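With CSV, C-alpha atoms inside, this is structure-v7.csv:
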chain,number,residue,atom,x,y,z
D,1,MET,CA,79.3,68.4,93.9
D,2,SER,CA,77.4,70.2,91.1
D,3,GLU,CA,79.2,71.3,87.9
D,4,PRO,CA,80.6,74.9,88.0
D,5,LEU,CA,79.1,77.6,85.9
D,6,VAL,CA,81.6,78.5,83.2
D,7,PHE,CA,82.1,81.7,81.3
D,8,HIS,CA,84.6,82.0,78.4
D,9,PHE,CA,85.9,85.3,76.9
D,10,ASP,CA,88.4,86.1,74.1
D,11,ILE,CA,90.3,89.3,75.0
D,12,ASP,CA,91.1,91.5,72.0
D,13,GLY,CA,94.7,92.5,72.3
D,14,ASN,CA,94.8,95.8,70.5
D,15,ASP,CA,92.0,97.8,71.9
D,16,PHE,CA,92.4,99.7,75.2
D,17,SER,CA,88.9,101.1,74.9
D,18,ALA,CA,87.3,97.7,74.6
D,19,ALA,CA,89.5,96.2,77.5
D,20,GLY,CA,87.3,95.5,80.4
D,21,GLN,CA,84.3,94.1,78.5
D,22,ALA,CA,84.8,90.6,79.9
D,23,SER,CA,85.1,92.0,83.4
D,24,VAL,CA,82.0,94.1,83.0
D,25,GLN,CA,80.1,91.0,81.7
D,26,ILE,CA,81.3,89.0,84.6
D,27,LYS,CA,80.2,91.7,87.0
D,28,LYS,CA,76.7,91.6,85.6
D,29,SER,CA,76.6,87.8,85.6
D,30,LEU,CA,77.7,87.5,89.2
D,31,ARG,CA,75.2,90.2,90.2
D,32,GLN,CA,72.5,88.1,88.6
D,33,LEU,CA,73.7,85.1,90.6
D,34,GLY,CA,73.2,87.1,93.8
D,35,LEU,CA,76.8,87.3,95.0
D,36,SER,CA,77.7,90.0,97.5
D,37,PRO,CA,78.9,93.4,96.2
D,38,GLU,CA,82.3,92.9,97.9
D,39,ILE,CA,82.9,89.6,96.2
D,40,ILE,CA,81.8,91.0,92.8
D,41,ARG,CA,84.1,94.0,93.3
D,42,ARG,CA,87.1,91.7,94.0
D,43,VAL,CA,86.5,89.4,91.1
D,44,SER,CA,85.9,92.2,88.6
D,45,ILE,CA,88.9,94.3,89.6
D,46,ALA,CA,91.2,91.2,89.6
D,47,MET,CA,89.9,90.2,86.2
D,48,TYR,CA,90.1,93.8,84.8
D,49,GLU,CA,93.7,94.1,85.8
D,50,GLY,CA,94.4,90.7,84.1
D,51,GLU,CA,92.6,91.8,81.0
D,52,ILE,CA,94.6,95.1,80.8
D,53,ASN,CA,97.8,93.1,81.3
D,54,MET,CA,97.0,90.9,78.3
D,55,VAL,CA,96.2,94.0,76.2
D,56,ILE,CA,99.4,95.8,77.3
D,57,HIS,CA,101.8,92.9,77.1
D,58,ALA,CA,100.4,90.0,75.2
D,59,SER,CA,98.2,91.0,72.3
D,60,GLY,CA,95.2,89.5,74.0
D,61,GLY,CA,94.3,86.1,75.3
D,62,THR,CA,91.5,84.2,76.9
D,63,ALA,CA,89.7,84.5,80.2
D,64,ASP,CA,87.8,81.6,81.7
D,65,VAL,CA,85.7,82.1,84.9
D,66,LYS,CA,84.3,79.1,86.8
D,67,VAL,CA,81.8,79.7,89.5
D,68,PHE,CA,81.8,76.8,92.0
D,69,GLU,CA,79.7,76.6,95.1
D,70,ASP,CA,82.5,77.7,97.4
D,71,CYS,CA,84.8,79.7,95.2
D,72,ILE,CA,85.3,81.5,91.9
D,73,GLU,CA,88.2,80.5,89.7
D,74,ILE,CA,89.6,82.9,87.0
D,75,ILE,CA,92.1,81.6,84.5
D,76,LEU,CA,93.7,84.1,82.2
D,77,ALA,CA,95.9,82.7,79.4
D,78,ASP,CA,98.0,84.4,76.8
D,79,LYS,CA,100.6,83.6,74.2
D,80,GLY,CA,102.6,86.7,74.9
D,81,PRO,CA,106.3,87.2,75.6
D,82,GLY,CA,106.1,85.6,79.0
D,83,ILE,CA,107.4,87.2,82.3
D,84,LYS,CA,111.2,87.1,82.7
D,85,ASP,CA,111.2,87.7,86.5
D,86,ILE,CA,107.9,87.0,88.3
D,87,ASP,CA,109.3,88.2,91.6
D,88,MET,CA,110.1,91.6,90.1
D,89,ALA,CA,106.7,91.7,88.3
D,90,MET,CA,104.9,91.2,91.6
D,91,LYS,CA,106.6,94.2,93.2
D,92,GLU,CA,104.4,97.3,93.5
D,93,GLY,CA,105.7,100.0,91.1
D,94,TYR,CA,107.7,97.7,88.8
D,95,SER,CA,106.4,98.0,85.2
D,96,THR,CA,107.7,97.4,81.6
D,97,ALA,CA,104.7,99.2,80.1
D,98,SER,CA,105.2,101.7,77.3
D,99,ASP,CA,104.8,105.5,77.6
D,100,THR,CA,101.6,105.3,75.5
D,101,THR,CA,100.1,102.8,78.0
D,102,ARG,CA,101.2,105.1,80.9
D,103,SER,CA,99.6,108.1,79.3
D,104,LEU,CA,96.2,106.3,79.6
D,105,GLY,CA,96.7,105.9,83.3
D,106,PHE,CA,98.0,102.3,83.2
D,107,GLY,CA,101.5,100.9,83.7
D,108,ALA,CA,101.8,101.9,87.3
D,109,GLY,CA,103.2,98.5,88.2
D,110,MET,CA,100.2,97.7,90.4
D,111,GLY,CA,98.3,95.2,88.2
D,112,LEU,CA,99.7,91.9,89.4
D,113,PRO,CA,99.9,93.1,93.0
D,114,ASN,CA,96.2,94.2,92.8
D,115,MET,CA,95.3,90.8,91.4
D,116,LYS,CA,97.0,89.2,94.4
D,117,ARG,CA,95.5,91.7,96.8
D,118,TYR,CA,91.9,90.9,95.8
D,119,THR,CA,92.1,87.2,95.5
D,120,ASP,CA,92.6,84.4,98.0
D,121,ASP,CA,95.1,82.5,95.9
D,122,MET,CA,97.0,83.3,92.8
D,123,LYS,CA,99.4,81.2,90.7
D,124,ILE,CA,101.5,82.5,87.8
D,125,GLU,CA,102.9,80.1,85.2
D,126,SER,CA,105.0,81.8,82.6
D,127,THR,CA,107.6,80.7,80.0
D,128,VAL,CA,109.5,83.4,78.1
D,129,GLY,CA,108.6,83.3,74.4
D,130,VAL,CA,105.6,81.0,75.0
D,131,GLY,CA,103.1,82.8,77.2
D,132,THR,CA,101.6,83.2,80.6
D,133,THR,CA,98.7,81.7,82.5
D,134,VAL,CA,97.4,83.3,85.7
D,135,THR,CA,95.0,81.3,87.9
D,136,MET,CA,93.2,83.1,90.6
D,137,ARG,CA,90.7,81.9,93.2
D,138,ILE,CA,88.3,83.9,95.3
D,139,ASN,CA,86.5,82.1,98.1
D,140,ILE,CA,82.8,82.8,98.4
D,141,ALA,CA,81.8,80.5,101.2
I,1,MET,CA,75.3,112.3,101.8
I,2,THR,CA,74.1,111.4,98.3
I,3,VAL,CA,75.7,112.3,95.0
I,4,ASN,CA,72.9,114.7,94.2
I,5,GLU,CA,73.3,116.4,97.5
I,6,LEU,CA,77.1,116.7,97.0
I,7,SER,CA,76.6,118.2,93.6
I,8,VAL,CA,74.3,120.9,95.0
I,9,GLU,CA,76.2,121.6,98.2
I,10,CYS,CA,79.6,121.9,96.6
I,11,SER,CA,78.5,123.4,93.3
I,12,PHE,CA,80.0,120.6,91.3
I,13,ASP,CA,78.3,120.5,87.9
I,14,ALA,CA,76.6,117.2,86.9
I,15,VAL,CA,78.2,115.6,83.8
I,16,CYS,CA,76.0,112.6,84.1
I,17,VAL,CA,74.2,111.3,87.2
I,18,PRO,CA,72.4,108.1,86.5
I,19,ASP,CA,72.3,107.1,90.2
I,20,GLY,CA,72.1,110.3,92.1
I,21,GLU,CA,70.7,108.8,95.3
I,22,ARG,CA,73.9,106.7,95.8
I,23,GLU,CA,75.3,107.3,99.2
I,24,ILE,CA,78.9,108.5,99.5
I,25,SER,CA,81.5,107.5,102.1
I,26,GLY,CA,85.0,108.9,101.9
I,27,ALA,CA,87.1,109.9,99.0
I,28,TYR,CA,90.2,109.0,97.0
I,29,ILE,CA,92.4,111.1,94.7
I,30,GLY,CA,94.5,109.6,91.9
I,31,ASP,CA,95.1,109.3,88.2
I,32,LEU,CA,96.9,106.0,88.0
I,33,LEU,CA,94.1,103.5,87.5
I,34,SER,CA,95.6,100.6,89.2
I,35,TRP,CA,96.3,102.7,92.3
I,36,VAL,CA,92.6,103.6,92.3
I,37,MET,CA,91.6,100.0,91.9
I,38,GLY,CA,93.9,99.0,94.7
I,39,ARG,CA,93.3,101.7,97.2
I,40,ALA,CA,89.8,103.3,96.6
I,41,ASN,CA,86.9,101.8,98.6
I,42,ALA,CA,83.4,101.1,97.3
I,43,GLY,CA,81.3,104.2,97.9
I,44,ASN,CA,84.2,106.6,97.7
I,45,VAL,CA,84.2,109.9,95.7
I,46,TRP,CA,87.1,109.5,93.2
I,47,ILE,CA,88.8,112.8,92.2
I,48,THR,CA,90.9,112.6,89.0
I,49,ILE,CA,92.0,114.6,86.0
I,50,MET,CA,91.9,111.5,83.7
I,51,SER,CA,88.9,111.4,81.4
I,52,ASN,CA,89.3,108.5,79.0
I,53,VAL,CA,87.0,105.5,78.7
I,54,ASN,CA,89.0,103.4,81.1
I,55,VAL,CA,88.1,105.8,83.9
I,56,ILE,CA,84.5,104.8,83.4
I,57,ALA,CA,85.4,101.1,83.5
I,58,VAL,CA,87.5,101.6,86.6
I,59,ALA,CA,84.8,103.6,88.4
I,60,SER,CA,82.2,100.9,87.6
I,61,LEU,CA,84.4,97.9,88.6
I,62,ALA,CA,85.8,99.6,91.7
I,63,ASP,CA,82.2,100.6,92.6
I,64,VAL,CA,82.9,104.2,93.6
I,65,ALA,CA,79.9,106.4,94.3
I,66,CYS,CA,81.0,109.0,91.8
I,67,VAL,CA,83.9,110.4,89.8
I,68,ILE,CA,84.7,114.1,90.2
I,69,LEU,CA,86.7,115.4,87.2
I,70,ALA,CA,89.0,118.2,88.5
I,71,GLU,CA,90.6,121.1,86.7
I,72,GLY,CA,87.6,121.7,84.5
I,73,VAL,CA,88.1,118.5,82.7
I,74,SER,CA,85.0,117.0,81.1
I,75,LEU,CA,83.9,113.9,79.1
I,76,ASP,CA,83.0,113.8,75.4
I,77,ASP,CA,79.5,112.9,74.4
I,78,GLU,CA,80.3,109.3,73.6
I,79,LEU,CA,81.8,108.8,77.1
I,80,ILE,CA,78.8,110.4,78.8
I,81,LYS,CA,76.6,107.9,77.0
I,82,THR,CA,78.9,105.0,78.2
I,83,ALA,CA,78.9,106.3,81.8
I,84,THR,CA,75.2,106.7,81.8
I,85,LYS,CA,74.7,103.2,80.5
I,86,LYS,CA,77.0,101.7,83.1
I,87,GLY,CA,75.4,103.7,85.9
I,88,VAL,CA,78.5,105.7,86.7
I,89,ASN,CA,77.9,109.1,88.3
I,90,VAL,CA,80.3,111.9,87.0
I,91,LEU,CA,80.5,115.4,88.4
I,92,LYS,CA,83.0,118.1,87.4
I,93,SER,CA,84.9,120.8,89.2
I,94,ASP,CA,86.8,123.8,87.8
I,95,LEU,CA,89.2,123.6,90.7
I,96,PRO,CA,92.4,121.6,91.0
I,97,ALA,CA,92.2,118.3,92.8
I,98,PHE,CA,93.3,119.7,96.2
I,99,GLU,CA,90.8,122.5,96.3
I,100,THR,CA,88.1,120.1,95.1
I,101,ALA,CA,88.9,117.8,97.9
I,102,MET,CA,88.9,120.7,100.4
I,103,LYS,CA,85.2,121.3,99.5
I,104,LEU,CA,84.4,117.7,100.5
I,105,SER,CA,86.1,118.1,103.8
I,106,GLY,CA,83.7,117.4,106.7
I,107,LYS,CA,81.0,116.3,104.3
I,108,VAL,CA,81.8,112.8,103.0
I,109,LEU,CA,84.1,111.3,105.6

Since I need it in another form, could you write the structure as structure tokens?
Amino acid sequence: MSEPLVFHFDIDGNDFSAAGQASVQIKKSLRQLGLSPEIIRRVSIAMYEGEINMVIHASGGTADVKVFEDCIEIILADKGPGIKDIDMAMKEGYSTASDTTRSLGFGAGMGLPNMKRYTDDMKIESTVGVGTTVTMRINIA
Amino acid sequence: MTVNELSVECSFDAVCVPDGEREISGAYIGDLLSWVMGRANAGNVWITIMSNVNVIAVASLADVACVILAEGVSLDDELIKTATKKGVNVLKSDLPAFETAMKLSGKVL
């Protein structure tokens, strides 16, 4: 099997207006690769939600996207506070975001549920005080 | 129906329309961005009163056909540039979201 195409991004943690740059770049790159609009839409939304989460909760982090022949893998890693209760975090409507975040239209408690909704597989590894890594896979074949 | 046609037929002012021939199917109303990303479909009209830069990002990533800013909300010049660059169509309506949606009724479903 051929080597995957790899994209790496550093996510700036303090800038809501810049959040989404990695997702927008990935959207462009996937379009150039000729992937279907629906796949591109799922990847870019899942990644954008992850980016926003890292800005809201973790002062940024990194995003790595690997494009394999049969799937796309997105790995989002941060050194934020970690998630105390992953089951609660996965519930639609549960959020620990600040009022400032909410006033921008975020913090609805739909980020992680959306990431799960738009991907075929999602794994969250999180340790309180250490950080969180979310690995998502979207099948393309 | 295209975004250009909708703008004319419903008298929604064009804020920026870089892709006016985009076809519209259906609509979604909401101001919480993750709800929009979770529930709106590609090709929808998205009616909102939010007008920050994240709205442009969400519109682009969720691949909606156009945003309609309700309640007379508009975009500042910098955001108009961003939306144009990203190919995001933005119209505006002086009406509240419900009345704005009523004007779409029977046209975009």

Which value, in Å to one decimal, gives the distance between atom CA of Leu6 of chain I and atom CA of Ile56 of chain I?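 Result for atom CA of Leu6 of chain I versus atom CA of Ile56 of chain I: 19.5 Å, one decimal.
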
Quick check: residues of chain D within 7 Å of chain I, all atoms listed in the file, returned as a ChimeraX atom specification. /D:17,20,41,44-45,105-106,108,110-111,114

Within 12 Å of segment 100-104 of chain I: each segment 10-85 of chain I residue with its shortest pair, all atoms listed in the file, as a tab-separated table:
residue	atom	partner	partner_atom	distance
I:Cys10	CA	I:Lys103	CA	6.3
I:Ser11	CA	I:Lys103	CA	9.4
I:Phe12	CA	I:Thr100	CA	9.0
I:Ile24	CA	I:Leu104	CA	10.8
I:Ser25	CA	I:Leu104	CA	10.7
I:Gly26	CA	I:Leu104	CA	8.9
I:Ala27	CA	I:Ala101	CA	8.2
I:Tyr28	CA	I:Ala101	CA	8.9
I:Ile29	CA	I:Ala101	CA	8.2
I:Gly30	CA	I:Ala101	CA	11.6
I:Asn44	CA	I:Leu104	CA	11.4
I:Val45	CA	I:Leu104	CA	9.2
I:Trp46	CA	I:Ala101	CA	9.7
I:Ile47	CA	I:Ala101	CA	7.6
I:Thr48	CA	I:Thr100	CA	10.1
I:Ile49	CA	I:Thr100	CA	11.3
I:Val67	CA	I:Thr100	CA	11.8
I:Ile68	CA	I:Thr100	CA	8.5
I:Leu69	CA	I:Thr100	CA	9.3
I:Ala70	CA	I:Thr100	CA	6.9
I:Glu71	CA	I:Thr100	CA	8.8
I:Gly72	CA	I:Thr100	CA	10.7

For the point (94.4, 91.9, 94.7) in file coordinates, what residues are within 8 Å, counting all atoms listed in the file? Give the answer as a list in words?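 Residues satisfying the cut-off, written out: Arg42, Ile45, Ala46, Leu112, Pro113, Asn114, Met115, Lys116, Arg117, Tyr118 and Thr119 of chain D; Gly38 of chain I.
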
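Close contacts of Ser95 of chain D, defined as residues with an atom at most 9 Å away when counting only C-alpha atoms, with chain neighbours fewer than 2 positions off set aside, comprise D:Met88, D:Ala89, D:Lys91, D:Glu92, D:Gly93, D:Ala97, D:Ser98, D:Gly107, D:Ala108, D:Gly109, D:Met110.
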
Which of these residues is nearest to Val134 of chain D, using only C-alpha atoms: D:Ser23, D:Thr101, D:Asn53, D:Ser59? D:Asn53

Go ahead and find all residues with at least one atom no further than 6 Å from (101.7, 82.3, 76.1) in the file's coordinates, using all atoms listed in the file; report them as a list in words.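 Selection result: Asp78, Lys79, Gly80, Val130, Gly131 and Thr132 of chain D.
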
Create the file for the chosen residues now, containing C-alpha atoms and written as a CSV table (one decimal), in the coordinates of the input.
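Result written to part.csv:
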chain,number,residue,atom,x,y,z
D,78,ASP,CA,98.0,84.4,76.8
D,79,LYS,CA,100.6,83.6,74.2
D,80,GLY,CA,102.6,86.7,74.9
D,130,VAL,CA,105.6,81.0,75.0
D,131,GLY,CA,103.1,82.8,77.2
D,132,THR,CA,101.6,83.2,80.6

Polymer residues at most 10 Å from Leu5 of chain D, only C-alpha atoms, same-chain spacing of 4 or more positions, as a VMD selection string: chain D and resid 65 to 69 72

If we count all atoms listed in the file and set the cut-off at 7 Å, which residues sit around Glu23 of chain I, ignoring sequence neighbours fewer than 2 positions away in its own chain? Please answer as number ranges by chain. I: 1-3, 21, 25, 43, 65

Write to file, as a compact mmCIF listing (two decimals), keeping the file's coordinate frame, the residues of the selection just made, with C-alpha atoms.
# COMPACT_ATOMS: atom_id res chain seq x y z
CA MET I 1 75.30 112.30 101.80
CA THR I 2 74.10 111.40 98.30
CA VAL I 3 75.70 112.30 95.00
CA GLU I 21 70.70 108.80 95.30
CA SER I 25 81.50 107.50 102.10
CA GLY I 43 81.30 104.20 97.90
CA ALA I 65 79.90 106.40 94.30

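Minimum distance to Cys16 of chain I across I:Val108, I:Val90, I:Ala97, I:Leu75 (counting only C-alpha atoms) occurs at I:Val90.
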
With distances taken over only C-alpha atoms, which of D:Ile40, D:Leu35, D:Met54, D:Ile74 is nearest to Ile11 of chain D?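 The shortest atom-to-atom distance to Ile11 of chain D comes from D:Met54.
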
Would you work out the distance separating atom CA of Asp12 of chain D from atom CA of Val43 of chain D, expressed in Å to one decimal?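 According to the coordinates, atom CA of Asp12 of chain D and atom CA of Val43 of chain D are separated by 19.8 Å.
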
Which of D:Gly61, D:Gly13, D:Gly34, D:Gly82 sits closest to Glu125 of chain D [using only C-alpha atoms]: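 Answer, going by the shortest atom-to-atom distance: D:Gly82.
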
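With atom CA of Phe9 of chain D on one side and atom CA of Thr62 of chain D on the other, the separation reads 5.7 Å.
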
Show which residues sit within 8 Å of Pro18 of chain I, as an MDAnalysis selection string. Count only C-alpha atoms, and ignore same-chain residues fewer than 3 positions away. chainID I and resid 84 87:89

I need the chosen residues saved as an mmCIF file, keeping the file's coordinate frame, with C-alpha atoms.
data_model
loop_
_atom_site.group_PDB
_atom_site.id
_atom_site.type_symbol
_atom_site.label_atom_id
_atom_site.label_comp_id
_atom_site.auth_asym_id
_atom_site.auth_seq_id
_atom_site.Cartn_x
_atom_site.Cartn_y
_atom_site.Cartn_z
ATOM 1 C CA THR I 84 75.200 106.700 81.800
ATOM 2 C CA GLY I 87 75.400 103.700 85.900
ATOM 3 C CA VAL I 88 78.500 105.700 86.700
ATOM 4 C CA ASN I 89 77.900 109.100 88.300
#

Looking at I:Arg22, I:Pro96, I:Ala83, I:Leu109, which one is nearest to Ala59 of chain I, with distances taken over all atoms listed in the file? I:Ala83

All residues 6 Å or closer to Ala63 of chain D, all atoms listed in the file, same chain fewer than 2 positions away omitted, as number ranges by chain: D: 8-9, 75-76

Considering only C-alpha atoms, state which residue in the set I:Val73, I:Leu95, I:Leu79, I:Val17 is at the smallest distance from Asn4 of chain I.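 Nearest candidate to Asn4 of chain I out of I:Val73, I:Leu95, I:Leu79, I:Val17: I:Val17.
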
Six-sided padding of 5 Å per side, axis-aligned box over segment 115-130 of chain D, centre and edges in Å, one decimal, as AutoDock Vina command-line options:
--center_x 100.7 --center_y 85.9 --center_z 86.2 --size_x 27.6 --size_y 21.6 --size_z 33.6
